[in-house]
$ cat target12.pdb   # PDB, C-alpha atoms, pLDDT in the B column
ATOM      1  CA  MET A  24     -20.615   0.745   5.982  1.00 45.00           C
ATOM      2  CA  PHE A  25     -18.790   2.880   3.427  1.00 46.00           C
ATOM      3  CA  GLU A  26     -20.585   5.993   4.657  1.00 53.00           C
ATOM      4  CA  PHE A  27     -19.535   5.156   8.228  1.00 47.00           C
ATOM      5  CA  MET A  28     -15.906   4.714   7.232  1.00 52.00           C
ATOM      6  CA  SER A  29     -15.952   7.898   5.178  1.00 53.00           C
ATOM      7  CA  ASP A  30     -17.405   9.851   8.120  1.00 52.00           C
ATOM      8  CA  TYR A  31     -14.939   8.226  10.524  1.00 51.00           C
ATOM      9  CA  MET A  32     -11.977   9.090   8.336  1.00 56.00           C
ATOM     10  CA  LYS A  33     -12.932  12.769   8.250  1.00 60.00           C
ATOM     11  CA  HIS A  34     -12.860  13.180  12.035  1.00 60.00           C
ATOM     12  CA  ALA A  35     -10.222  10.790  13.331  1.00 63.00           C
ATOM     13  CA  PRO A  36      -6.735  12.162  13.995  1.00 69.00           C
ATOM     14  CA  VAL A  37      -4.012  10.420  12.004  1.00 64.00           C
ATOM     15  CA  ASP A  38      -0.732   9.340  13.554  1.00 68.00           C
ATOM     16  CA  ARG A  39       1.651   9.068  10.582  1.00 65.00           C
ATOM     17  CA  SER A  40       4.455   7.732  12.776  1.00 71.00           C
ATOM     18  CA  VAL A  41       2.664   4.392  13.251  1.00 70.00           C
ATOM     19  CA  PHE A  42       3.419   1.709  10.670  1.00 67.00           C
ATOM     20  CA  GLN A  43       0.824  -1.023  10.488  1.00 68.00           C
ATOM     21  CA  GLY A  44       2.529  -4.262   9.599  1.00 71.00           C
ATOM     22  CA  SER A  45       5.866  -5.962   9.848  1.00 75.00           C
ATOM     23  CA  PRO A  46       8.729  -4.412   7.849  1.00 71.00           C
ATOM     24  CA  VAL A  47       9.896  -7.859   6.734  1.00 78.00           C
ATOM     25  CA  ASP A  48       6.574  -8.727   5.093  1.00 79.00           C
ATOM     26  CA  VAL A  49       6.591  -9.038   1.323  1.00 81.00           C
ATOM     27  CA  ASN A  50       3.565  -6.833   0.921  1.00 81.00           C
ATOM     28  CA  GLY A  51       2.322  -3.351   0.245  1.00 82.00           C
ATOM     29  CA  GLN A  52      -0.552  -1.495   1.869  1.00 82.00           C
ATOM     30  CA  TYR A  53      -2.937   1.222   0.767  1.00 82.00           C
ATOM     31  CA  GLN A  54      -4.286   3.281   3.667  1.00 79.00           C
ATOM     32  CA  PRO A  55      -7.300   5.309   2.506  1.00 77.00           C
ATOM     33  CA  ASN A  56      -7.578   7.347   5.704  1.00 75.00           C
ATOM     34  CA  VAL A  57      -4.245   9.042   4.960  1.00 76.00           C
ATOM     35  CA  ASN A  58      -4.219   8.422   1.177  1.00 79.00           C
ATOM     36  CA  SER A  59      -0.923   6.593   1.556  1.00 81.00           C
ATOM     37  CA  ILE A  60       0.845   3.626   0.005  1.00 84.00           C
ATOM     38  CA  SER A  61       3.341   1.805   2.221  1.00 83.00           C
ATOM     39  CA  ILE A  62       5.786  -0.703   0.817  1.00 84.00           C
ATOM     40  CA  CYS A  63       7.487  -2.972   3.352  1.00 84.00           C
ATOM     41  CA  ALA A  64      11.256  -3.433   3.285  1.00 84.00           C
ATOM     42  CA  GLY A  65      10.688  -7.139   2.621  1.00 84.00           C
ATOM     43  CA  LEU A  66      10.001  -6.222  -1.008  1.00 84.00           C
ATOM     44  CA  LEU A  67      13.587  -5.096  -1.408  1.00 85.00           C
ATOM     45  CA  ARG A  68      14.681  -8.600  -2.359  1.00 84.00           C
ATOM     46  CA  HIS A  69      14.436 -10.915  -5.355  1.00 83.00           C
ATOM     47  CA  PRO A  70      12.342 -10.938  -7.586  1.00 81.00           C
ATOM     48  CA  TYR A  71      11.213  -7.320  -7.009  1.00 81.00           C
ATOM     49  CA  PHE A  72      14.643  -5.871  -6.305  1.00 87.00           C
ATOM     50  CA  ASN A  73      18.230  -6.942  -6.806  1.00 90.00           C
ATOM     51  CA  PRO A  74      21.271  -4.629  -6.646  1.00 90.00           C
ATOM     52  CA  ASN A  75      22.692  -6.421  -9.689  1.00 93.00           C
ATOM     53  CA  TYR A  76      19.622  -5.652 -11.835  1.00 92.00           C
ATOM     54  CA  PRO A  77      19.502  -2.534 -14.000  1.00 94.00           C
ATOM     55  CA  THR A  78      17.924   0.437 -12.208  1.00 94.00           C
ATOM     56  CA  ALA A  79      14.901   0.413 -14.534  1.00 94.00           C
ATOM     57  CA  VAL A  80      14.113  -3.207 -13.647  1.00 92.00           C
ATOM     58  CA  ASN A  81      14.293  -2.451  -9.915  1.00 90.00           C
ATOM     59  CA  TYR A  82      11.980   0.558 -10.285  1.00 91.00           C
ATOM     60  CA  GLY A  83       9.624  -1.539 -12.419  1.00 91.00           C
ATOM     61  CA  GLY A  84       9.376  -4.327  -9.849  1.00 87.00           C
ATOM     62  CA  LEU A  85       8.498  -1.893  -7.069  1.00 87.00           C
ATOM     63  CA  GLY A  86       6.251   0.082  -9.413  1.00 89.00           C
ATOM     64  CA  VAL A  87       4.122  -2.995 -10.043  1.00 89.00           C
ATOM     65  CA  VAL A  88       3.467  -3.286  -6.313  1.00 87.00           C
ATOM     66  CA  ALA A  89       2.788   0.452  -5.923  1.00 87.00           C
ATOM     67  CA  GLY A  90       0.423   0.385  -8.918  1.00 89.00           C
ATOM     68  CA  HIS A  91      -1.449  -2.580  -7.500  1.00 87.00           C
ATOM     69  CA  GLU A  92      -1.878  -0.812  -4.165  1.00 85.00           C
ATOM     70  CA  LEU A  93      -3.040   2.326  -5.977  1.00 85.00           C
ATOM     71  CA  THR A  94      -5.903   0.367  -7.549  1.00 86.00           C
ATOM     72  CA  HIS A  95      -7.254  -0.256  -4.041  1.00 81.00           C
ATOM     73  CA  GLY A  96      -8.001   3.467  -3.848  1.00 80.00           C
ATOM     74  CA  PHE A  97     -10.638   2.942  -6.558  1.00 80.00           C
ATOM     75  CA  ASP A  98     -11.982  -0.272  -5.054  1.00 72.00           C
ATOM     76  CA  ASP A  99     -15.185   0.340  -3.060  1.00 67.00           C
ATOM     77  CA  ARG A 100     -14.833  -2.893  -1.049  1.00 68.00           C
ATOM     78  CA  GLY A 101     -11.075  -3.097  -0.585  1.00 58.00           C
ATOM     79  CA  VAL A 102     -10.635  -6.616  -1.948  1.00 60.00           C
ATOM     80  CA  GLN A 103     -11.938  -6.679  -5.506  1.00 56.00           C
ATOM     81  CA  TRP A 104      -8.568  -6.333  -7.281  1.00 52.00           C
TER      82      TRP A 104
END
$ encode --input "target12.pdb" --output "structure tokens"
Amino acid sequence: MFEFMSDYMKHAPVDRSVFQGSPVDVNGQYQPNVNSISICAGLLRHPYFNPNYPTAVNYGGLGVVAGHELTHGFDDRGVQW
């Protein structure tokens, strides 16, 4: 299956204007076919983000989500971590 997906990803055109998911979801997504991490706007609320928090805390909360999604790039099955 991995070989199929790898071959498919090499030849399929990518439409970067399409966002897969709802913007209000509290979730992030790693998309291996475009090597992209998408973070939904729903994460821009407590506990990940608060305008009253120091800037470093807000970056840290979103960085945790981005780092988690980045680990999926090294995950050969997509659900191990």
$ atom_distance --input "target12.pdb" --atom1 "atom CA of A:Tyr53" --atom2 "atom CA of A:Tyr71"
18.3 Å
$ atom_distance --input "target12.pdb" --atom1 "atom CA of A:Val47" --atom2 "atom CA of A:Phe97"
26.7 Å
$ axis_aligned_box --input "target12.pdb" --around "stretch 78-89 of chain A" --padding-each-side "3 Å" --output "JSON"
{"center_x": 10.4, "center_y": -1.9, "center_z": -10.2, "size_x": 21.1, "size_y": 10.9, "size_z": 14.6}
$ atom_distance --input "target12.pdb" --atom1 "atom CA of A:Leu66" --atom2 "atom CA of A:Leu93"
16.4 Å
$ resolve_selection --input "target12.pdb" --expression "the PyMOL selection byres ((chain A and resi 89) around 10)" --output "ChimeraX atom specification"
/A:51-53,60-62,83-88,90-94
$ write_last_selection --input "target12.pdb" --atoms "C-alpha atoms" --output "PDB file, in the frame of the given file"
ATOM      1  CA  GLY A  51       2.322  -3.351   0.245  1.00 82.00           C
ATOM      2  CA  GLN A  52      -0.552  -1.495   1.869  1.00 82.00           C
ATOM      3  CA  TYR A  53      -2.937   1.222   0.767  1.00 82.00           C
ATOM      4  CA  ILE A  60       0.845   3.626   0.005  1.00 84.00           C
ATOM      5  CA  SER A  61       3.341   1.805   2.221  1.00 83.00           C
ATOM      6  CA  ILE A  62       5.786  -0.703   0.817  1.00 84.00           C
ATOM      7  CA  GLY A  83       9.624  -1.539 -12.419  1.00 91.00           C
ATOM      8  CA  GLY A  84       9.376  -4.327  -9.849  1.00 87.00           C
ATOM      9  CA  LEU A  85       8.498  -1.893  -7.069  1.00 87.00           C
ATOM     10  CA  GLY A  86       6.251   0.082  -9.413  1.00 89.00           C
ATOM     11  CA  VAL A  87       4.122  -2.995 -10.043  1.00 89.00           C
ATOM     12  CA  VAL A  88       3.467  -3.286  -6.313  1.00 87.00           C
ATOM     13  CA  GLY A  90       0.423   0.385  -8.918  1.00 89.00           C
ATOM     14  CA  HIS A  91      -1.449  -2.580  -7.500  1.00 87.00           C
ATOM     15  CA  GLU A  92      -1.878  -0.812  -4.165  1.00 85.00           C
ATOM     16  CA  LEU A  93      -3.040   2.326  -5.977  1.00 85.00           C
ATOM     17  CA  THR A  94      -5.903   0.367  -7.549  1.00 86.00           C
TER      18      THR A  94
END
$ resolve_selection --input "target12.pdb" --expression "the PyMOL selection byres ((chain A and resi 68) around 12)" --output "list of chain:residue names"
A:Val47, A:Asp48, A:Val49, A:Asn50, A:Cys63, A:Ala64, A:Gly65, A:Leu66, A:Leu67, A:His69, A:Pro70, A:Tyr71, A:Phe72, A:Asn73, A:Pro74, A:Asn75, A:Tyr76, A:Asn81, A:Gly84, A:Leu85
